[in-house]
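Source file: structure20.cif (mmCIF, C-alpha atoms and all ligand atoms)
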data_my_file
#
loop_
_atom_site.label_atom_id
_atom_site.label_comp_id
_atom_site.auth_asym_id
_atom_site.auth_seq_id
_atom_site.Cartn_x
_atom_site.Cartn_y
_atom_site.Cartn_z
CA MET A 1 79.44 38.32 -112.60
CA LEU A 2 76.76 38.81 -110.00
CA VAL A 3 77.11 36.72 -106.89
CA ALA A 4 73.74 35.31 -105.92
CA ALA A 5 74.37 34.44 -102.31
CA MET A 6 76.21 36.62 -99.85
CA PRO A 7 78.51 35.00 -97.33
CA THR A 8 77.08 35.03 -93.85
CA ASP A 9 80.42 34.79 -92.13
CA GLY A 10 83.52 36.88 -92.22
CA PHE A 11 81.75 40.21 -91.71
CA PRO A 12 83.93 41.93 -89.17
CA LEU A 13 81.24 43.77 -87.30
CA ARG A 14 79.79 43.51 -83.83
CA PRO A 15 77.33 45.76 -82.06
CA ARG A 16 79.81 46.24 -79.24
CA CYS A 17 83.54 45.96 -78.73
CA ALA A 18 84.78 42.54 -79.64
CA GLY A 19 88.42 41.61 -79.33
CA GLY A 20 90.09 40.33 -82.45
CA GLU A 21 87.84 42.10 -84.93
CA LYS A 22 89.40 44.17 -87.67
CA PRO A 23 89.04 47.90 -87.03
CA LEU A 24 86.41 49.38 -89.35
CA VAL A 25 87.25 51.66 -92.25
CA ILE A 26 84.41 54.18 -92.54
CA ALA A 27 84.37 56.18 -95.78
CA HIS A 28 83.72 59.72 -94.57
CA ARG A 29 81.14 61.32 -96.89
CA GLY A 30 82.05 58.57 -99.39
CA ALA A 31 85.38 58.73 -101.19
CA SER A 32 85.34 62.46 -100.52
CA GLY A 33 89.07 62.77 -101.10
CA TYR A 34 88.52 61.88 -104.74
CA LEU A 35 85.05 63.04 -105.80
CA PRO A 36 82.48 65.58 -104.59
CA GLU A 37 81.21 64.34 -101.22
CA HIS A 38 77.85 62.70 -100.61
CA THR A 39 77.22 61.57 -104.18
CA LEU A 40 76.39 58.03 -105.28
CA ALA A 41 79.65 58.07 -107.24
CA ALA A 42 81.63 58.96 -104.12
CA TYR A 43 79.96 56.19 -102.13
CA ALA A 44 80.50 53.65 -104.93
CA VAL A 45 84.20 54.49 -105.28
CA ALA A 46 84.63 54.10 -101.51
CA ILE A 47 82.93 50.71 -101.63
CA PHE A 48 85.19 49.57 -104.45
CA GLN A 49 88.18 50.86 -102.48
CA GLY A 50 87.22 48.35 -99.81
CA ALA A 51 85.53 50.52 -97.19
CA ASP A 52 83.63 48.53 -94.56
CA PHE A 53 81.09 51.34 -94.13
CA ILE A 54 80.03 54.40 -96.07
CA GLU A 55 78.95 57.51 -94.20
CA PRO A 56 76.04 59.65 -95.38
CA ASP A 57 75.32 62.84 -93.42
CA LEU A 58 71.57 63.51 -93.62
CA VAL A 59 69.33 66.58 -93.75
CA MET A 60 65.62 67.07 -94.50
CA THR A 61 63.76 68.44 -97.51
CA LYS A 62 60.63 70.56 -97.27
CA ASP A 63 58.51 67.51 -98.09
CA GLY A 64 60.10 65.28 -95.49
CA HIS A 65 62.73 63.34 -97.42
CA LEU A 66 66.15 62.45 -96.01
CA ILE A 67 68.90 63.53 -98.38
CA ALA A 68 72.68 63.31 -98.12
CA ARG A 69 74.31 66.66 -97.33
CA HIS A 70 76.70 67.64 -94.57
CA GLU A 71 74.59 70.68 -93.68
CA ASN A 72 71.21 72.10 -94.60
CA VAL A 73 72.77 75.08 -96.38
CA LEU A 74 73.14 73.98 -99.97
CA ASP A 75 75.51 76.41 -101.63
CA LEU A 76 78.74 74.90 -100.28
CA THR A 77 78.25 71.60 -102.09
CA THR A 78 75.71 72.18 -104.89
CA ASP A 79 75.26 74.48 -107.86
CA VAL A 80 72.12 76.06 -106.36
CA ALA A 81 73.62 79.55 -106.72
CA SER A 82 73.61 79.17 -110.50
CA HIS A 83 69.88 78.38 -110.68
CA PRO A 84 68.05 81.68 -111.32
CA GLU A 85 64.70 80.03 -110.59
CA PHE A 86 65.80 79.59 -106.96
CA ALA A 87 67.49 82.99 -106.51
CA GLY A 88 64.61 84.31 -104.39
CA ARG A 89 65.06 81.57 -101.81
CA ARG A 90 68.45 82.81 -100.62
CA THR A 91 67.96 83.95 -97.05
CA THR A 92 69.52 84.22 -93.60
CA LYS A 93 68.54 81.87 -90.78
CA GLY A 94 69.77 80.86 -87.36
CA VAL A 95 71.04 77.28 -87.56
CA ASP A 96 72.07 75.74 -84.24
CA GLY A 97 72.64 79.22 -82.86
CA VAL A 98 74.66 80.52 -85.80
CA ALA A 99 73.43 83.00 -88.45
CA VAL A 100 73.83 81.42 -91.88
CA THR A 101 73.06 82.99 -95.27
CA GLY A 102 72.35 80.77 -98.24
CA TRP A 103 69.86 78.30 -99.67
CA PHE A 104 68.45 75.71 -97.28
CA SER A 105 67.35 72.12 -97.84
CA GLU A 106 64.15 72.61 -95.86
CA ASP A 107 62.99 75.23 -98.39
CA PHE A 108 63.24 72.78 -101.31
CA THR A 109 61.10 69.80 -102.24
CA LEU A 110 62.88 66.64 -103.26
CA ALA A 111 61.87 67.27 -106.87
CA GLU A 112 63.60 70.66 -106.68
CA ILE A 113 66.67 69.19 -104.96
CA LYS A 114 66.92 66.79 -107.87
CA GLN A 115 67.41 69.75 -110.23
CA LEU A 116 70.67 70.59 -108.43
CA ARG A 117 74.06 69.02 -109.02
CA ALA A 118 76.86 68.41 -106.52
CA ILE A 119 80.10 70.41 -106.53
CA GLU A 120 83.40 69.99 -104.69
CA ARG A 121 83.37 71.58 -101.22
CA MET A 122 87.11 72.33 -101.10
CA PRO A 123 88.21 73.19 -104.65
CA GLY A 124 91.42 74.80 -103.37
CA VAL A 125 92.44 71.67 -101.48
CA ARG A 126 91.05 69.13 -103.92
CA PRO A 127 91.23 70.77 -107.35
CA ALA A 128 91.17 67.44 -109.19
CA ASN A 129 87.72 66.73 -107.76
CA THR A 130 86.24 69.74 -109.54
CA ARG A 131 86.33 67.85 -112.84
CA PHE A 132 83.27 66.05 -111.49
CA ASP A 133 81.40 69.27 -110.61
CA ARG A 134 77.77 69.28 -111.74
CA GLN A 135 77.86 65.63 -112.80
CA PHE A 136 76.04 64.01 -109.90
CA GLU A 137 72.70 64.44 -108.15
CA VAL A 138 72.06 64.86 -104.45
CA PRO A 139 71.03 61.34 -103.36
CA THR A 140 68.29 60.31 -100.98
CA LEU A 141 68.91 57.86 -98.16
CA GLN A 142 66.84 55.30 -100.05
CA GLU A 143 68.99 55.70 -103.16
CA ILE A 144 72.12 55.19 -101.05
CA ILE A 145 70.68 52.03 -99.53
CA ASP A 146 69.79 50.78 -103.02
CA LEU A 147 73.40 51.39 -104.09
CA VAL A 148 74.80 49.61 -101.03
CA GLN A 149 72.59 46.59 -101.50
CA ALA A 150 73.33 46.39 -105.24
CA CYS A 151 77.07 46.54 -104.47
CA GLU A 152 76.65 43.86 -101.80
CA ARG A 153 75.14 41.56 -104.44
CA ALA A 154 77.78 42.44 -107.02
CA LEU A 155 80.78 42.11 -104.70
CA GLY A 156 79.56 39.27 -102.53
CA ARG A 157 80.38 41.08 -99.31
CA LYS A 158 78.40 43.10 -96.83
CA ILE A 159 78.79 46.86 -96.75
CA GLY A 160 77.86 48.88 -93.72
CA LEU A 161 75.85 52.08 -93.59
CA TYR A 162 76.80 54.77 -91.06
CA PRO A 163 74.27 57.63 -91.33
CA GLU A 164 74.65 60.84 -89.31
CA THR A 165 71.64 63.03 -88.64
CA LYS A 166 72.49 66.72 -88.99
CA HIS A 167 70.62 69.41 -87.01
CA PRO A 168 67.87 67.14 -85.59
CA THR A 169 66.63 69.72 -83.04
CA TYR A 170 66.55 72.42 -85.72
CA PHE A 171 64.51 70.21 -88.06
CA GLN A 172 62.23 69.10 -85.21
CA ARG A 173 61.30 72.73 -84.61
CA LEU A 174 60.36 73.05 -88.30
CA GLY A 175 58.03 70.08 -88.01
CA LEU A 176 60.52 67.92 -89.89
CA SER A 177 61.46 65.38 -87.24
CA MET A 178 64.25 63.11 -88.47
CA GLU A 179 63.86 60.09 -86.19
CA GLU A 180 60.67 58.64 -87.67
CA PRO A 181 61.64 58.72 -91.36
CA LEU A 182 65.15 57.50 -90.57
CA VAL A 183 64.02 54.51 -88.54
CA ARG A 184 61.19 53.75 -90.96
CA ILE A 185 63.51 53.66 -93.98
CA LEU A 186 66.20 51.63 -92.22
CA HIS A 187 63.75 49.07 -90.83
CA ARG A 188 61.90 48.82 -94.15
CA ASN A 189 65.18 48.00 -95.90
CA GLY A 190 66.09 45.20 -93.51
CA TYR A 191 68.24 47.14 -91.04
CA GLN A 192 66.32 46.03 -88.00
CA GLY A 193 68.75 45.50 -85.19
CA ALA A 194 72.22 44.95 -83.88
CA ASP A 195 73.46 42.82 -86.78
CA GLY A 196 76.41 45.09 -87.36
CA ARG A 197 75.38 46.47 -90.74
CA VAL A 198 74.45 49.95 -89.59
CA PHE A 199 75.33 52.52 -86.94
CA ILE A 200 73.39 55.77 -86.47
CA GLN A 201 75.53 58.69 -85.28
CA SER A 202 74.71 62.13 -83.94
CA PHE A 203 76.19 64.95 -81.88
CA GLU A 204 72.82 65.45 -80.14
CA VAL A 205 72.05 63.52 -76.95
CA GLY A 206 68.25 63.76 -76.74
CA HIS A 207 67.96 62.69 -80.36
CA LEU A 208 70.02 59.54 -79.69
CA ARG A 209 68.01 58.79 -76.55
CA LYS A 210 64.81 59.04 -78.61
CA LEU A 211 66.27 56.75 -81.25
CA ARG A 212 67.21 54.24 -78.52
CA ARG A 213 63.50 53.94 -77.71
CA MET A 214 62.62 53.37 -81.36
CA THR A 215 65.22 50.90 -82.64
CA ARG A 216 67.85 48.34 -81.65
CA ILE A 217 70.22 49.65 -84.32
CA PRO A 218 73.58 50.54 -82.67
CA LEU A 219 74.00 54.23 -81.90
CA VAL A 220 77.14 56.36 -81.76
CA GLN A 221 77.52 59.56 -79.76
CA LEU A 222 79.76 62.04 -81.57
CA LEU A 223 81.98 64.31 -79.47
CA GLY A 224 82.93 67.73 -80.80
CA VAL A 225 85.74 70.04 -79.82
CA GLY A 226 84.61 72.58 -77.24
CA GLY A 227 81.10 73.55 -76.32
CA LYS A 228 78.01 71.37 -75.96
CA PRO A 229 75.69 69.30 -78.11
CA TYR A 230 73.20 71.71 -79.66
CA ASP A 231 70.16 70.12 -78.01
CA VAL A 232 71.83 70.50 -74.60
CA GLU A 233 72.61 74.13 -75.43
CA ALA A 234 69.05 74.79 -76.63
CA ALA A 235 67.57 73.32 -73.45
CA GLY A 236 69.82 75.47 -71.26
CA GLY A 237 71.79 72.44 -70.09
CA SER A 238 75.36 72.46 -68.86
CA LEU A 239 76.73 69.17 -70.20
CA THR A 240 79.83 69.77 -72.33
CA TYR A 241 81.58 67.43 -74.76
CA ASP A 242 84.62 67.41 -72.49
CA GLN A 243 82.47 66.27 -69.57
CA MET A 244 80.95 63.57 -71.77
CA ALA A 245 84.47 62.28 -72.47
CA THR A 246 85.29 61.62 -68.79
CA PRO A 247 84.83 58.10 -67.37
CA GLY A 248 81.56 59.19 -65.75
CA GLY A 249 80.37 60.85 -68.94
CA LEU A 250 81.22 57.77 -70.98
CA ALA A 251 79.27 55.57 -68.56
CA ASP A 252 76.26 57.86 -69.08
CA ILE A 253 76.64 57.55 -72.87
CA ALA A 254 76.75 53.76 -72.57
CA ALA A 255 73.20 53.87 -71.19
CA TYR A 256 71.87 54.81 -74.64
CA ALA A 257 74.66 54.31 -77.19
CA ASP A 258 77.02 51.59 -78.36
CA GLY A 259 79.95 53.70 -79.42
CA VAL A 260 81.55 57.12 -79.43
CA GLY A 261 82.91 59.12 -82.34
CA PRO A 262 85.48 61.54 -80.87
CA GLU A 263 87.43 64.17 -82.75
CA LYS A 264 90.77 62.38 -82.94
CA SER A 265 93.31 64.98 -81.88
CA HIS A 266 91.39 66.65 -79.08
CA PHE A 267 90.24 63.49 -77.35
CA ILE A 268 92.88 60.84 -78.17
CA LEU A 269 96.27 62.00 -79.45
CA ALA A 270 97.44 65.46 -80.48
CA PRO A 271 100.72 66.12 -82.27
CA ASP A 272 103.47 67.39 -79.97
CA ALA A 273 105.24 70.72 -80.34
CA GLU A 274 107.41 69.29 -83.12
CA GLY A 275 104.37 67.97 -85.01
CA LYS A 276 105.04 64.35 -84.11
CA LEU A 277 102.55 61.76 -82.88
CA ASP A 278 104.10 60.47 -79.67
CA PRO A 279 101.99 57.60 -78.26
CA GLY A 280 103.23 58.60 -74.82
CA ASN A 281 101.09 61.72 -75.16
CA ALA A 282 97.86 59.79 -75.77
CA THR A 283 94.97 60.30 -73.40
CA ASP A 284 93.24 57.41 -71.64
CA PHE A 285 90.05 58.07 -73.62
CA VAL A 286 90.14 54.79 -75.58
CA ALA A 287 90.65 52.67 -72.47
CA ASN A 288 87.95 54.57 -70.59
CA ALA A 289 85.45 54.19 -73.45
CA HIS A 290 86.20 50.47 -73.72
CA ALA A 291 85.77 50.12 -69.97
CA ALA A 292 82.30 51.62 -70.42
CA GLY A 293 81.54 49.09 -73.19
CA LEU A 294 81.72 51.62 -76.01
CA GLN A 295 83.36 51.22 -79.40
CA VAL A 296 85.65 54.10 -80.42
CA HIS A 297 85.46 55.45 -83.98
CA PRO A 298 87.41 58.73 -84.21
CA TYR A 299 87.09 61.27 -87.01
CA THR A 300 88.47 62.44 -89.48
CA PHE A 301 91.64 61.12 -91.15
CA ARG A 302 92.51 63.18 -94.23
CA ALA A 303 95.62 62.59 -96.30
CA GLU A 304 96.32 66.08 -97.64
CA ASN A 305 99.33 67.80 -96.05
CA ARG A 306 97.29 70.59 -94.52
CA PHE A 307 95.32 68.10 -92.39
CA LEU A 308 98.29 66.04 -91.21
CA PRO A 309 100.68 66.44 -88.29
CA VAL A 310 103.71 68.37 -89.53
CA SER A 311 106.02 65.38 -89.22
CA LEU A 312 103.87 63.33 -91.65
CA ARG A 313 103.60 65.93 -94.41
CA SER A 314 105.27 65.39 -97.76
CA SER A 315 107.21 68.10 -99.52
CA GLY A 316 105.14 70.12 -101.88
CA GLU A 317 101.77 71.80 -101.98
CA PRO A 318 99.29 71.93 -99.08
CA HIS A 319 96.98 69.73 -101.13
CA ALA A 320 99.66 67.08 -101.88
CA LEU A 321 99.19 63.84 -99.99
CA GLY A 322 101.34 63.06 -96.96
CA ASP A 323 101.67 59.92 -94.85
CA SER A 324 98.07 59.42 -93.76
CA GLU A 325 98.72 55.72 -93.28
CA ALA A 326 101.29 56.43 -90.57
CA GLU A 327 98.79 58.64 -88.78
CA ILE A 328 96.08 55.98 -88.96
CA LYS A 329 98.45 53.28 -87.71
CA ALA A 330 99.41 55.45 -84.74
CA PHE A 331 95.76 55.58 -83.73
CA LEU A 332 95.16 51.89 -84.44
CA ALA A 333 98.02 51.14 -82.05
CA LEU A 334 96.04 52.95 -79.36
CA GLY A 335 93.18 50.46 -79.73
CA ILE A 336 90.52 52.29 -81.73
CA ASP A 337 87.75 50.10 -83.20
CA GLY A 338 87.28 51.99 -86.46
CA PHE A 339 87.90 55.36 -88.04
CA PHE A 340 86.43 57.87 -90.48
CA THR A 341 88.61 58.73 -93.45
CA ASP A 342 88.21 60.69 -96.69
CA GLN A 343 90.61 58.27 -98.44
CA ALA A 344 89.22 54.78 -97.82
CA ASP A 345 91.86 53.19 -100.04
CA LEU A 346 94.63 54.47 -97.79
CA GLY A 347 92.59 53.57 -94.73
CA VAL A 348 92.14 49.98 -95.87
CA ARG A 349 95.84 49.68 -96.69
CA ALA A 350 96.86 51.08 -93.31
CA ARG A 351 94.36 48.92 -91.43
CA ASP A 352 95.34 45.72 -93.25
CA ALA A 353 99.05 46.40 -92.77
CA PHE A 354 98.46 47.09 -89.09
CA VAL A 355 96.44 43.91 -88.62
CA ALA A 356 99.19 41.97 -90.45
CA GLY A 357 101.74 43.43 -88.04
CA LYS A 358 103.48 45.54 -90.66
O1 LIG B 401 80.52 61.80 -88.33
C1 LIG B 401 81.86 61.83 -88.00
C2 LIG B 401 82.32 63.10 -88.53
O2 LIG B 401 81.90 63.08 -89.85
C3 LIG B 401 81.71 64.26 -87.82
O3 LIG B 401 82.08 65.39 -88.43
O4 LIG B 401 81.38 67.39 -89.56
O5 LIG B 401 82.47 65.62 -90.87
O6 LIG B 401 80.14 65.32 -90.06
P1 LIG B 401 81.48 65.94 -89.81
CA CA B 402 79.58 63.04 -90.43
#
Here is a file; write its structure as structure tokens.
Ligand code: G3P
Ligand code: CA
Amino acid sequence: MLVAAMPTDGFPLRPRCAGGEKPLVIAHRGASGYLPEHTLAAYAVAIFQGADFIEPDLVMTKDGHLIARHENVLDLTTDVASHPEFAGRRTTKGVDGVAVTGWFSEDFTLAEIKQLRAIERMPGVRPANTRFDRQFEVPTLQEIIDLVQACERALGRKIGLYPETKHPTYFQRLGLSMEEPLVRILHRNGYQGADGRVFIQSFEVGHLRKLRRMTRIPLVQLLGVGGKPYDVEAAGGSLTYDQMATPGGLADIAAYADGVGPEKSHFILAPDAEGKLDPGNATDFVANAHAAGLQVHPYTFRAENRFLPVSLRSSGEPHALGDSEAEIKAFLALGIDGFFTDQADLGVRARDAFVAGK
């Protein structure tokens, strides 16, 4: 039965840190542990698993549409290589300083993108997901919003949207600036401000600063392992991710963003030599970010053995599932405000058990 009116209370989101709120479960690329990533089906499954937010990564088409892909090269997650009509578009380009050969989103119109079908990125790790290969389209941001809002009406709860802009400097140089279409679509669909229903995330600093001037929507600065944000690199700047993670760096981030999305092991807690998560080895990153007024949403929790600390792996194949919930709880105990996971069902179970004191 459709629920006509959505509750206005009980939504556990705030634009900034707020004690007592439930940590957020963010479905990384949708339910990407179970279906090909960044498809409407993957987002819908994550929503029905109870995710608080779904995460679309976004790139641009030739005709200026925002579509959900983790990178602009298409052959890792679509069947573009099996389309003879597009064979001549395979080429080599420099993307964020790296030479990449393949088919690129910016060389395709949306109508052409819609001829492609999604495939599983990691068929060796997630062989079961390949049964869905070539079943689903590449969705636009607008289609994802339509899905979210339809599910909100059907389920009677609010569902957050957590878009990440990929390669904004690269697309800017192609005349395909991402900020304007992103803000226009979000505002047009009712995502106007800091009501807790959307965060915009990016690794690039200048891009987030530009967005800060365009919208009140909360922003999240992602922190990668090693090196610099690409826009800093391209401008000849010296600011590294590790510098951004210091108390001074976090205070600078707080001038334009509301949260940080750090890689979990590098910035917060790495397994020890025996592959165990010892809370005594945690950094002071979470406390420092909170002191700066920033939420902390680390990435990415993945349940397959190969992605887990050795001590949490199950016996069996590298793609068998281990104890992801124990890993998530270890980070929740360190005070994180939310987390990205490929298995939202396990994330919700771990979060709810943690909040219940189990
Ligand atoms: O956005 C958080 C996390 O998703 C960043 O890494 O490469 O999976 O987009 P990536
Ligand atoms: Ca992402």
task: Kindly compile the residues surrounding ligand LIG 401 (chain B) within 7 Å, counting all atoms listed in the file, and format them as number ranges by chain.
output: A: 28, 57, 70, 164, 201, 222, 261, 299-300, 340
message: List the spatial neighbours of region 203-214 of chain A as a ChimeraX atom specification - criterion: any atom at most 6 Å away, all atoms listed in the file, same-chain residues fewer than 4 positions off excluded.
response: /A:221-222,229,231,256
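Taking CA of Ser177 (chain A) as the reference point, CA of Ala234 (chain A) is found at 16.1 Å.
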- request: Identify the residues within 10 Å of coordinate (71.6, 73.9, -98.3) (same frame as the file), considering all atoms listed in the file, and give the answer as a PyMOL selection string.
  value: chain A and resi 59-61+69-78+80+90+101-108+113
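When all atoms listed in the file are used to compute distances to ligand CA 402 (chain B), the closest of the residues A:Glu152, A:Asp342, A:Asp352, A:Glu233 turns out to be A:Asp342.
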